[in-house]
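Colleague: My structure file final.csv, CSV, C-alpha atoms, is below:
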chain,number,residue,atom,x,y,z
J,7,ASP,CA,60.5,69.8,27.7
J,8,GLN,CA,63.1,72.5,28.2
J,9,THR,CA,63.3,71.9,31.9
J,10,ARG,CA,65.3,68.7,31.9
J,11,ASP,CA,68.6,69.8,33.3
J,12,GLY,CA,68.6,72.7,30.8
J,13,TYR,CA,69.0,70.4,27.8
J,14,GLY,CA,65.4,70.1,26.7
J,15,ASN,CA,64.3,70.4,23.0
J,16,GLY,CA,62.0,73.3,23.3
J,17,VAL,CA,58.5,73.9,24.8
J,18,THR,CA,55.1,73.1,23.2
J,19,TYR,CA,52.2,75.4,23.9
J,20,PHE,CA,48.5,74.5,23.3
J,21,LEU,CA,46.5,77.5,22.1
J,22,SER,CA,42.7,78.0,22.6
J,23,ARG,CA,42.4,79.2,19.0
J,24,PRO,CA,44.5,79.7,15.8
J,25,MET,CA,46.9,82.6,15.7
J,26,GLN,CA,45.9,85.3,13.2
J,27,PRO,CA,48.3,87.9,11.7
J,28,THR,CA,47.2,91.4,11.3
J,29,MET,CA,44.9,92.0,8.3
J,30,LYS,CA,45.1,95.8,8.3
J,31,THR,CA,47.1,97.6,5.7
J,32,THR,CA,49.5,100.5,6.2
J,33,TYR,CA,47.0,102.7,4.5
J,34,ASN,CA,44.2,101.7,6.8
J,35,LEU,CA,46.2,102.2,10.0
J,36,MET,CA,47.4,105.6,8.8
J,37,LYS,CA,43.9,106.7,7.9
J,38,ALA,CA,42.6,105.7,11.3
J,39,GLU,CA,45.4,107.7,13.1
J,40,THR,CA,43.4,111.0,13.6
J,41,ASN,CA,46.4,112.8,15.3
J,42,ALA,CA,48.4,112.2,12.1
J,43,SER,CA,45.7,113.0,9.6
J,44,THR,CA,47.6,115.9,8.0
J,45,PHE,CA,50.5,113.7,7.1
J,46,PHE,CA,48.2,111.0,5.9
J,47,LYS,CA,46.2,113.4,3.7
J,48,LEU,CA,49.4,114.7,2.0
J,49,CYS,CA,50.4,111.1,1.3
J,50,GLU,CA,47.0,110.2,0.0
J,51,ASP,CA,46.5,113.3,-2.2
J,52,ALA,CA,49.8,112.6,-4.1
J,53,SER,CA,47.8,109.9,-6.0
J,54,SER,CA,45.2,112.4,-7.2
J,55,LYS,CA,47.4,115.2,-8.5
J,56,GLY,CA,48.1,113.8,-12.0
J,57,ASP,CA,47.0,117.0,-13.8
J,58,LEU,CA,49.1,119.2,-11.5
J,59,LEU,CA,52.1,117.0,-11.8
J,60,SER,CA,51.7,116.8,-15.6
J,61,THR,CA,51.8,120.6,-15.8
J,62,ILE,CA,55.0,120.6,-13.9
J,63,PHE,CA,56.9,117.6,-15.1
J,64,ARG,CA,55.6,116.2,-18.3
J,65,ARG,CA,56.9,118.9,-20.6
J,66,SER,CA,60.6,119.7,-21.3
J,67,ILE,CA,62.3,122.5,-23.3
J,68,LYS,CA,63.8,121.6,-26.7
J,69,ASP,CA,66.1,124.6,-27.1
J,70,GLU,CA,67.0,126.5,-23.9
J,71,THR,CA,69.1,129.1,-25.8
J,72,LYS,CA,66.0,130.8,-27.3
J,73,GLU,CA,65.1,134.2,-26.1
J,74,ASN,CA,61.7,132.9,-25.0
J,75,PRO,CA,62.1,129.1,-24.6
J,76,LEU,CA,58.5,128.7,-23.2
J,77,THR,CA,56.6,128.6,-26.4
J,78,GLU,CA,54.4,125.7,-27.5
J,79,ASP,CA,56.6,124.8,-30.5
J,80,ASN,CA,59.7,124.7,-28.2
J,81,LEU,CA,58.2,122.3,-25.7
J,82,THR,CA,58.1,118.5,-26.0
J,83,LEU,CA,55.6,116.3,-24.2
J,84,MET,CA,56.6,113.0,-22.6
J,85,ASP,CA,54.7,110.1,-24.2
J,86,GLU,CA,51.9,108.4,-22.3
J,87,SER,CA,53.8,105.3,-21.3
J,88,ASP,CA,56.9,107.1,-20.1
J,89,TRP,CA,54.7,109.7,-18.2
J,90,ASN,CA,52.7,107.0,-16.4
J,91,SER,CA,56.0,105.5,-15.2
J,92,GLU,CA,57.4,108.9,-14.2
J,93,LEU,CA,54.2,109.8,-12.4
J,94,LYS,CA,54.6,106.9,-9.9
J,95,ARG,CA,57.8,108.6,-8.5
J,96,TYR,CA,55.6,111.2,-6.8
J,97,GLN,CA,53.0,108.8,-5.4
J,98,ILE,CA,53.0,107.2,-1.9
J,99,PHE,CA,50.0,104.9,-2.3
J,100,ASP,CA,49.1,102.6,-5.2
J,101,GLY,CA,45.5,101.7,-5.8
J,102,THR,CA,46.1,99.7,-9.0
J,103,ARG,CA,47.4,96.5,-7.4
J,104,ILE,CA,45.2,93.5,-6.5
J,105,THR,CA,44.3,93.4,-2.9
J,106,ALA,CA,41.6,91.5,-0.8
J,107,ARG,CA,39.3,94.5,-0.4
J,108,GLY,CA,40.4,96.9,-3.0
J,109,GLU,CA,42.7,98.7,-0.6
J,110,LYS,CA,45.7,100.9,-1.4
J,111,LEU,CA,49.2,99.7,-0.8
J,112,VAL,CA,52.4,101.7,-0.2
J,113,ARG,CA,53.9,101.9,-3.7
J,114,PHE,CA,57.5,101.3,-2.8
J,115,PHE,CA,57.0,98.5,-0.3
J,116,ASN,CA,58.2,95.2,-1.8
J,117,SER,CA,58.2,92.0,0.2
J,118,TYR,CA,60.3,93.3,3.1
J,119,ARG,CA,59.8,94.8,6.6
J,120,TYR,CA,59.4,98.5,7.2
J,121,THR,CA,58.8,101.2,9.8
J,122,VAL,CA,56.6,104.3,9.3
J,123,TYR,CA,57.1,107.3,11.6
J,124,LEU,CA,54.0,109.5,11.9
J,125,PRO,CA,54.4,113.2,12.8
J,126,SER,CA,51.5,114.8,14.7
J,127,ASN,CA,49.1,117.3,13.2
J,128,ASP,CA,50.6,120.0,15.4
J,129,ALA,CA,54.1,119.1,14.2
J,130,MET,CA,52.9,119.3,10.6
J,131,GLN,CA,51.4,122.7,11.1
J,132,VAL,CA,54.6,124.0,12.5
J,133,ALA,CA,56.5,122.6,9.5
J,134,ILE,CA,54.1,124.3,7.1
J,135,ASP,CA,53.9,127.6,8.9
J,136,ASN,CA,57.4,128.0,10.2
J,137,GLU,CA,59.6,125.8,7.9
J,138,ASN,CA,57.9,126.6,4.6
J,139,LEU,CA,56.9,123.0,3.9
J,140,PRO,CA,54.8,123.0,0.7
J,141,THR,CA,51.4,121.4,0.6
J,142,TRP,CA,49.5,120.3,-2.5
J,143,GLU,CA,47.3,123.3,-2.1
J,144,SER,CA,50.1,125.8,-2.0
J,145,ILE,CA,51.8,124.1,-5.0
J,146,GLU,CA,48.6,124.3,-7.0
J,147,GLU,CA,48.0,127.9,-6.0
J,148,PHE,CA,51.6,128.8,-7.1
J,149,VAL,CA,51.2,126.9,-10.4
J,150,ASN,CA,47.9,128.6,-11.2
J,151,ALA,CA,49.4,132.0,-10.5
J,152,ASN,CA,52.4,131.4,-12.8
J,153,THR,CA,50.9,129.6,-15.9
J,154,ASN,CA,48.8,130.7,-18.8
J,155,SER,CA,45.6,129.2,-20.1
J,156,GLU,CA,47.6,126.5,-21.9
J,157,LYS,CA,49.2,125.5,-18.6
J,158,ILE,CA,52.6,126.7,-19.7
J,159,PHE,CA,54.7,128.5,-17.2
J,160,ASN,CA,55.3,132.3,-17.5
J,161,SER,CA,59.0,131.9,-16.7
J,162,VAL,CA,61.7,129.2,-16.3
J,163,GLU,CA,62.3,130.4,-12.8
J,164,ALA,CA,58.7,129.8,-11.8
J,165,TRP,CA,58.8,126.4,-13.5
J,166,ASN,CA,61.9,125.4,-11.6
J,167,LYS,CA,60.4,126.6,-8.3
J,168,ALA,CA,57.3,124.5,-8.9
J,169,LYS,CA,59.4,121.4,-9.5
J,170,ALA,CA,61.4,122.1,-6.3
J,171,MET,CA,58.2,122.5,-4.3
J,172,VAL,CA,56.9,119.1,-5.3
J,173,THR,CA,60.3,117.5,-4.8
J,174,CYS,CA,60.6,119.0,-1.3
J,175,LEU,CA,57.1,117.7,-0.3
J,176,VAL,CA,57.5,114.2,-1.7
J,177,ASN,CA,61.0,113.8,-0.3
J,178,PHE,CA,59.7,114.9,3.1
J,179,LEU,CA,56.9,112.4,3.1
J,180,LYS,CA,59.1,109.5,1.9
J,181,TYR,CA,61.7,110.3,4.6
J,182,HIS,CA,59.3,109.0,7.2
J,183,PHE,CA,59.2,105.5,5.6
J,184,GLN,CA,62.2,103.4,6.7
J,185,ASP,CA,63.6,100.0,5.8
J,186,ASN,CA,63.5,97.4,8.6
J,187,SER,CA,60.9,97.0,11.3
J,188,LEU,CA,61.9,98.5,14.7
J,189,PHE,CA,59.8,98.2,17.8
J,190,VAL,CA,59.5,100.1,21.1
J,191,TYR,CA,60.8,97.5,23.6
J,192,ASN,CA,63.4,96.9,26.3
J,193,VAL,CA,66.3,96.4,23.9
J,194,HIS,CA,69.5,98.3,23.2
J,195,SER,CA,70.5,98.7,19.6
J,196,SER,CA,71.7,101.5,17.2
J,197,ASP,CA,72.2,101.5,13.5
J,198,GLU,CA,71.7,103.4,10.3
J,199,TYR,CA,68.7,102.6,8.1
J,200,GLN,CA,67.7,103.6,4.6
J,201,THR,CA,64.5,105.7,4.1
J,202,ALA,CA,62.4,105.8,0.9
J,203,CYS,CA,63.7,109.3,0.2
J,204,ARG,CA,66.5,109.6,-2.4
J,205,ASN,CA,69.2,112.2,-2.7
J,206,ASN,CA,68.4,114.1,-5.8
J,207,ALA,CA,72.0,114.5,-6.8
J,208,THR,CA,73.4,111.0,-6.2
J,209,ASN,CA,70.1,109.0,-6.4
J,210,ALA,CA,71.2,107.2,-3.2
J,211,PHE,CA,68.6,106.6,-0.5
J,212,LEU,CA,69.0,108.9,2.5
J,213,ARG,CA,69.7,107.3,5.8
J,214,ILE,CA,68.7,108.0,9.4
J,215,ASN,CA,70.3,106.8,12.6
J,216,VAL,CA,67.9,105.0,14.9
J,217,ALA,CA,68.7,103.9,18.5
J,218,GLN,CA,66.4,101.6,20.5
J,219,ASN,CA,66.6,102.1,24.2
J,220,ASN,CA,64.4,100.9,27.1
J,221,GLY,CA,60.9,101.8,26.1
J,222,GLU,CA,61.8,104.3,23.4
J,223,ILE,CA,63.2,104.9,19.9
J,224,VAL,CA,65.5,107.8,19.2
J,225,ILE,CA,65.8,108.9,15.5
J,226,SER,CA,68.5,111.3,14.4
J,227,ASP,CA,67.7,112.9,11.0
J,228,ALA,CA,70.1,114.4,8.4
J,229,ALA,CA,70.0,117.7,10.2
J,230,GLY,CA,71.2,116.0,13.4
J,231,THR,CA,67.9,116.7,15.2
J,232,LYS,CA,66.7,113.9,17.5
J,233,HIS,CA,63.1,112.7,17.4
J,234,TYR,CA,61.5,110.4,20.0
J,235,VAL,CA,59.0,107.6,20.0
J,236,ARG,CA,58.2,106.8,23.6
J,237,GLY,CA,56.2,104.0,25.1
J,238,ALA,CA,54.4,101.1,23.5
J,239,GLU,CA,51.0,102.8,23.9
J,240,GLY,CA,49.9,104.2,20.6
J,241,ASN,CA,53.0,102.7,18.9
J,242,ASN,CA,54.0,99.3,17.7
J,243,LYS,CA,51.0,99.1,15.4
J,244,PHE,CA,51.3,96.2,13.0
J,245,ALA,CA,50.3,96.3,9.4
J,246,ARG,CA,50.6,93.9,6.5
J,247,ASP,CA,50.5,95.0,2.8
J,248,TYR,CA,49.3,92.0,0.7
J,249,GLU,CA,49.3,92.0,-3.1
J,250,TYR,CA,47.6,89.1,-4.8
J,251,ASP,CA,48.3,87.6,-8.3
J,252,ALA,CA,44.6,87.3,-9.1
J,253,ASN,CA,41.3,88.5,-7.8
J,254,THR,CA,40.6,86.9,-4.4
J,255,GLN,CA,37.1,85.9,-5.6
J,256,SER,CA,38.6,83.8,-8.4
J,257,ALA,CA,39.1,80.0,-8.1
J,258,SER,CA,42.8,80.2,-7.8
J,259,TYR,CA,44.9,83.0,-6.4
J,260,GLY,CA,48.0,83.4,-4.3
J,261,ILE,CA,50.0,86.1,-2.5
J,262,LYS,CA,52.3,87.9,-5.1
J,263,ASN,CA,54.2,89.8,-2.4
J,264,SER,CA,53.6,91.0,1.2
J,265,SER,CA,55.3,93.5,3.4
J,266,TYR,CA,55.4,93.6,7.2
J,267,VAL,CA,55.1,97.1,8.7
J,268,VAL,CA,55.1,98.7,12.1
J,269,LEU,CA,53.9,102.3,12.7
J,270,HIS,CA,54.9,104.7,15.4
J,271,ASN,CA,53.9,108.2,16.4
J,272,ILE,CA,56.7,110.8,16.8
J,273,GLN,CA,56.4,112.6,20.1
J,274,GLY,CA,55.9,116.4,20.3
J,275,ASN,CA,56.0,118.9,17.5
J,276,ASP,CA,58.9,117.4,15.6
J,277,VAL,CA,59.1,116.3,11.9
J,278,MET,CA,62.1,114.6,10.3
J,279,VAL,CA,64.0,116.7,7.7
Please lay out the structure from this file as structure tokens.
Modeller:
Amino acid sequence: DQTRDGYGNGVTYFLSRPMQPTMKTTYNLMKAETNASTFFKLCEDASSKGDLLSTIFRRSIKDETKENPLTEDNLTLMDESDWNSELKRYQIFDGTRITARGEKLVRFFNSYRYTVYLPSNDAMQVAIDNENLPTWESIEEFVNANTNSEKIFNSVEAWNKAKAMVTCLVNFLKYHFQDNSLFVYNVHSSDEYQTACRNNATNAFLRINVAQNNGEIVISDAAGTKHYVRGAEGNNKFARDYEYDANTQSASYGIKNSSYVVLHNIQGNDVMV
């Protein structure tokens, strides 16, 4: 009893039923967020663009000094094992791991706690229309217009632009996934946190500055722009990404790893860049 002159040993509470943690995955919560469906679809579609990504990234040039380096005999193809590993770099969700209901997990979550910031559909449309954010459709259209029947690019410049478009899109998506779980609550805290997005030159994870104030979260991105998450309503959504070491219908299975996740909606027409 904690009331004994302030020197008690804690308080015991009797509950009417067992406490149950969230059973929803990050994928399921993002899918259900209709006002962030554009962002979710770009994340989801990254897992189904293997042929497009193979055209852009699987080949490399043997001799760049040739007058026409983009000929079949001057191109080398990454072997299957290496390509399957490389392909994962461009994916957000992973559907190959063992889960309770065959659900997809965030590929780069790994037994830690995370925050996901969801830009609205209006914000995404502004980014696509006014800030030239590529989409999978615009990338595919560009590739089809700049490759031949063998899916070889017509010029090195076009090939490099296709690579840059994919990198821009995937980095943008990953930039909204942050290490550490932060909540909208009446607390005051400010710190820098790593995102899932890497600097292409240094390979270091990019950081964002996040401040928690009374009832809001303020995010400062790499461009110095502030973005706001305000109020607990529609925010503080809990997810848990479980991966099992065997099929859950088998006689013996256990949790291989699990990640705790909280999701928030970014207010207004802002996206983090």
Colleague: For Lys94 of chain J, which of J:Ser66, J:Ala133, J:Ser60, J:Lys72 is the closest residue, counting only C-alpha atoms?
Modeller: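 Looking at the shortest contact to Lys94 of chain J, the residue is J:Ser60.
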Colleague: Quick one: of J:Lys157, J:Lys37, J:Arg246, J:Arg236, who's nearest to Tyr120 of chain J, counting only C-alpha atoms?
Modeller: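 So, comparing all the options, the nearest one is J:Arg246.
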Colleague: Atom CA of Asp135 of chain J and atom CA of Glu222 of chain J, how far apart in Å?
Modeller: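 About the pair atom CA of Glu222 of chain J and atom CA of Asp135 of chain J: they are 28.6 Å apart.
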Colleague: Go through J:Asn192, J:Ser144, J:Ser226, J:Gln200 one by one, measure the shortest atom-to-atom distance of each to Lys180 of chain J using all atoms listed in the file, and give the residue with the smallest value.
Modeller: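 Once distances to Lys180 of chain J are computed over all atoms listed in the file, the minimum belongs to J:Gln200.
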Colleague: Of the candidates J:Gly101, J:Pro125, J:Gly237, J:Pro27, which shows the shortest atom-to-atom distance to Gly274 of chain J, using all atoms listed in the file?
Modeller: J:Pro125
Colleague: List the spatial neighbours of Asn253 of chain J as a PyMOL selection string - criterion: any atom at most 12 Å away, only C-alpha atoms, same-chain residues fewer than 3 positions off excluded.
Modeller: chain J and resi 103-108+249-250+256-262
Colleague: Hey, can you check how far atom CA of Leu188 of chain J sits from atom CA of Ile272 of chain J?
Modeller: 13.5 Å
Colleague: From the list J:Tyr19, J:Tyr118, J:Phe148, J:Phe178, which residue is nearest Met278 of chain J when using all atoms listed in the file?
Modeller: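 Counting all atoms listed in the file, the residue closest to Met278 of chain J is J:Phe178.
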Colleague: Between atom CA of Asn160 of chain J and atom CA of Leu76 of chain J, what is the distance, to one decimal in Å?
Modeller: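 Straight-line distance from atom CA of Asn160 of chain J to atom CA of Leu76 of chain J works out to 7.5 Å.
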Colleague: Using all atoms listed in the file, find the one residue out of J:Thr18, J:Ser87, J:Asn186, J:Asn152 that sits nearest to Tyr266 of chain J.
Modeller: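 Checking each of J:Thr18, J:Ser87, J:Asn186, J:Asn152 against Tyr266 of chain J, counting all atoms listed in the file, the winner is J:Asn186.
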Colleague: Report as a list in words all protein, DNA and RNA residues lying within 10 Å of Thr77 of chain J, evaluated on all atoms listed in the file, omitting residues in the same chain fewer than 2 positions from it.
Modeller: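 What passes the distance filter is Ile67, Lys72, Asn74, Pro75, Asp79, Asn80, Leu81, Ile158, Phe159 and Asn160 of chain J.
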Colleague: Identify, on the basis of all atoms listed in the file, every residue whose closest approach to Arg204 of chain J does not exceed 10 Å; exclude the query and any residue fewer than 3 positions from it along the same chain; express the result as a list in words.
Modeller: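 In the requested form, the answer reads Asn177, Lys180, Tyr181, Gln200, Thr201, Ala207, Thr208, Asn209, Ala210, Phe211, Leu212 and Arg213 of chain J.
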Colleague: Leaving out Ala238 of chain J and any residue of its chain fewer than 5 positions from it, which residues lie within 8 Å of it when counting all atoms listed in the file, given as a list in words?
Modeller: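 Within the cut-off, the hits are Val190, Tyr191 and Gly221 of chain J.
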Colleague: Find the residues around Asn34 of chain J up to 9 Å (all atoms listed in the file counted), leave out those fewer than 4 positions away in its own chain, and share them as a VMD selection string.
Modeller: chain J and resid 30 38 to 39 109 to 110 245
